[in-house]
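The structure under discussion appears below in the form of structure tokens.
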Amino acid sequence: MVLAERNALRTDLGAVRAVDTICAYCGVGCGVKLHIDDRDRIVWVDDQPANPSSQGMLCVKGRFGLTFVNHEDRLTKPLIRRPSAGGGTVLEEATWDEALDYVAEKFIEHRDSFAVLASAKATNEDGYVLQKMTRLLMGTNNIDHCTRLCHSPSVEAMLRQLGSGATSNSYEDYDNAGCLMVVGTDTSSNHPVIASRLRRAIDERGTKLIVVNPKRIDLCDYATYFLQPNPGTDVALFNGLAKVIIDEGLLDERFVRERTRGFEEWAASLADYTPERVQEITGVPAEDVRGAARVYARPPVPRGLEGIFAEAAAAKGYGGSCLIWGMGVTQHTCGTDNAHALLNLALVAGQIGRPGNGVSPLRGQNNVQGCGDAGCIPDNLPGYQGLGDANRAKFEKAWGAPLPSEPGLRATEMFELAARGRLDCMYITGENPLLSEPYIAHAEEAIKKLKFLVVQDIFPNETAEYADVILPATSFAEKDGTFTNSERRVQRVRKAIEPLGDSRPDWEITADLARRIARRLEMPVAQFNYEHPSQIFAEMASLTPILGGISYARLEALQEEGIQWPCPDADHPGTKRLYTETFNVGPRAPFVPVEQGPPAAELPSRRFPLLLNTGRVLYHWHGGTITRRARTLLARSPELQIAINPQDAARYGVKDGEDVVLYSKRGDLSGKALVTDAVRPGDVFVPFVKLQEHNANFLTNAVYDPKSRIPEYKVCAVRIERAGAPQVWRRGRRESVGPGRG
Amino acid sequence: MPTLTIDGREVSVPEGATVLEAVRAAGIDIPHLCKDDDQAPIGACRTCLVLVEGQRGLPASCYLPAADGMRVSTHGDALDRVRATVLDLTLAMLDPGGRGASLLATEAARFGASGPFAPAPNAAFDDSTPAFTLNHADCILCQRCVEGCQDVQHIGAIAVLGGGEAARIGTFLDRPLLQSICTSCGTCVSVCPTGALYPRVAGSLAT
Ligand code: SF4
Ligand code: SF4
Ligand code: FES
């Protein structure tokens, strides 16, 4: 009975073969089986029950959205910008030799003013070769990736308190927790398969859910507590939760005594954060602050626990709590402080390092974990090995030339310097800063000022319009490699189809380019003679202790299992949870006192009375460069929806489904009004996907968290008007009077 | 590890396995339309019937725990007849010209079913989502989609609505899928054995 078999080849859809690989959208890292027809097209995507991260689940993007691979817009030839006959310039097709020789020469010319943006969508191997070229041949640590725009505050805070920026636990801890606290993430949209696991725990195990979000999200239907703080007041809220835990004696005394330091001083800093005061600042009722703190510190023992999870709960007499967070915590000028406040809470409750608990910054891109692991960050060599002499010496010995010791530029700094004309040349791979940077007009100025820009990508994008050379890369489906997901699981990406046109895998392009640069500089060319990604991985593993025991041979033997790092040697099974005995900062993790500051750099004013919050929708991926090219996804969500509370809608004369315009100091965007009480009065919410030429980052503010340099995407002041309404605001006068008002 | 005899062949299966799993481990092909390899049995289709020595009737093997010393037959006069009838009744739920009929007919014929096809009692068609279509005329109510939506994804967008002749897969208040909580995750599409839930061409092909 062919169709009754699970994962049968879908011959009815024209499939002739199927290849197991990993979804290229989000950091969940679901296993997918690509069904391919005789013309090398993806005709169906099946789930992969053997994959421990996804367990046979998939979301709409993985199932119906991977067809972008075959989209006609794919870049298939290298392009070089040349002067055109009528003045101006045009991009002309070129051979790989022409393009790479030209790029090599230009890169050498700008060697002292050069920076690289790596791609968190590319493989570990792609990232490793790219950072090797940057450090070894270009002599700089100016390499970074998009984590700067999403989780750098988490990483910054976690490094200081725990010693590693990675998720401390595994998804299976969510399955076996007594309490799940989900902060600043619309998990059902951004990490849908994790949301499925959370719902399963709640349905089947009686796990309690606490949602912290200024916007009402789908998961709230399952929540015991829904805390809806005013934007930018997370520090006060989390300080308040911690204070309740201490005052009510719910702290894990033994954990605090044996595994933390700085408790007294930190506890004293919480004096002002009584639930009543927290209510004043955050708007969250004091009773809910108390209630949520109690559940987090003393969650029930979930039904049906087995094995290590049952033992851990029995030892304590209560269940574990997982703290899970997303961009809502980090994309603020106080992002790092927010993350510290979260970690303090986990430490005081002892909810870290045991089966069923832990702290998890949910990673956005499919390989944002791996991109950092591979060394695409300005202050660390691969595997988070610092730039100190001993580490450099190890890499210098292996790579055969001296390496730069100065930390490089972070992504946001690259654009600031470029805008001031102090950065000449960039190599941007698989990234589209002109959609993802805050205050796009400003980023555009920066990009325009570059003297030489190379964009390597699969689709033409906004940034590529300013490129001097465009190099066509392949998608995930056309290459071998590995991705590392949000639970540190290194998973095998397998080539399913031949590269489209003349496109080539990123690692291959970079290595070819590097050989050309090395030859001209009389540097070690052989360092870039890779024939297969397995060789790159082997080299990376040999130099990177956390990956030391992982190899393609082992990954193949384990099939869809993957291996979770740290995995120091070939006999090591991999690591499900960190910090069971000690922290990477030492035996004791420090508490870090943090104070609630002003909630945001830009607050509502008479002219811009509403607060804009940005986020995502299930059917699109980030800026939408990819999902706009997956027909099903675009059809499911074709236009921007601007969510507004019914009270404000009435006040500004806006009706559901009507065309509206949002204005900030920096720009405007159009979309359809979605009148819903999911957003609070005073707030509007827009996903940051670009649809019909409109994008939220036209409005957002280019101000940064001073500690991590993350932009404040989450809050800025805006005004809403019905489309076509006359602009009635004048200085000193009343603001917008929509035609709907009497 | 219980050891059973299936059609005279001995097989050992892990503790907790079902008779259906033992039958398949023995390399014998029997229909099992509502049993997903990775999910709990539903027991809705009755096409997985077997004969067990010493037991009355024809139990559904997907639901039956394998026990040591069990003697199971997957063929026999009465059993073959009943199974063919069950398959015929299943085929009778399908639109004779539809996708479900064409996908199942040949397979069913191997087990002696010829199918009293009848015009579909419920010809409703939901094409509200861009990702896939739901054609009730191809549905045999095996409920694998309902199980996938609830037990795999924990979404619970669909259920069996109504009873008897009028029974059909549908959403809360019988709204079109697009207006329900369905997220178009496609799990139901991947488990549907008859193609009643089927990817739309625009969804499956990029160009
Ligand atoms: S949850 Fe993430 S990894 Fe899984 S299918 Fe959806 S986008 Fe892909
Ligand atoms: S597509 Fe997913 S959410 Fe929608 S009915 Fe099917 S299984 Fe349920
Ligand atoms: S497979 Fe056993 S009843 Fe359907």
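Ligands are numbered from 1 in the order shown, residues from 1 within each chain, and chains are lettered A, B, ... in the order they appear in the structure tokens.
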Helix (DSSP H, G or I) call set, DSSP backbone run, stretch 14-112 of chain B, as a PyMOL selection string: chain B and resi 19-25+77-91+99-109
All residues 7 Å or closer to A:Asp373, only C-alpha atoms, same chain fewer than 5 positions away omitted, as a list in words: Pro382, Gly383 and Tyr384 of chain A
Keeping only all heavy atoms, write the selected residues as an mmCIF file, in the first residue's frame.
data_model
loop_
_atom_site.group_PDB
_atom_site.id
_atom_site.type_symbol
_atom_site.label_atom_id
_atom_site.label_comp_id
_atom_site.auth_asym_id
_atom_site.auth_seq_id
_atom_site.Cartn_x
_atom_site.Cartn_y
_atom_site.Cartn_z
ATOM 1 N N PRO A 382 37.916 30.367 15.297
ATOM 2 C CA PRO A 382 36.877 29.326 15.334
ATOM 3 C C PRO A 382 36.758 28.668 16.707
ATOM 4 O O PRO A 382 37.745 28.513 17.427
ATOM 5 C CB PRO A 382 37.364 28.331 14.285
ATOM 6 C CG PRO A 382 38.077 29.174 13.283
ATOM 7 C CD PRO A 382 38.756 30.252 14.100
ATOM 8 N N GLY A 383 35.541 28.306 17.064
ATOM 9 C CA GLY A 383 35.300 27.640 18.339
ATOM 10 C C GLY A 383 35.435 28.572 19.521
ATOM 11 O O GLY A 383 35.730 28.143 20.624
ATOM 12 N N TYR A 384 35.218 29.872 19.326
ATOM 13 C CA TYR A 384 35.273 30.875 20.400
ATOM 14 C C TYR A 384 36.618 30.888 21.102
ATOM 15 O O TYR A 384 36.728 31.102 22.302
ATOM 16 C CB TYR A 384 34.107 30.664 21.393
ATOM 17 C CG TYR A 384 32.818 30.595 20.634
ATOM 18 C CD1 TYR A 384 32.257 29.371 20.307
ATOM 19 C CD2 TYR A 384 32.230 31.762 20.159
ATOM 20 C CE1 TYR A 384 31.123 29.303 19.515
ATOM 21 C CE2 TYR A 384 31.098 31.698 19.371
ATOM 22 C CZ TYR A 384 30.556 30.463 19.057
ATOM 23 O OH TYR A 384 29.444 30.405 18.263
#
Distance filter 9 Å, only C-alpha atoms, chain B against chain A, as an NGL selection string: :B and (29-38 or 103-104 or 107-108 or 129-131 or 151-155 or 178 or 183-187 or 190-195 or 199-207)
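Put simply, atom CA of B:Thr74 is 15.7 Å away from atom CA of B:Ala113.
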A:Leu251 surroundings by only C-alpha atoms, 6 Å radius, close-in-sequence under 4 positions cut, as a ChimeraX atom specification: /A:245-246,348-349
Point-to-point distance in Å for atom CA of A:Asn391 and atom CA of A:Ile428: 26.8 Å
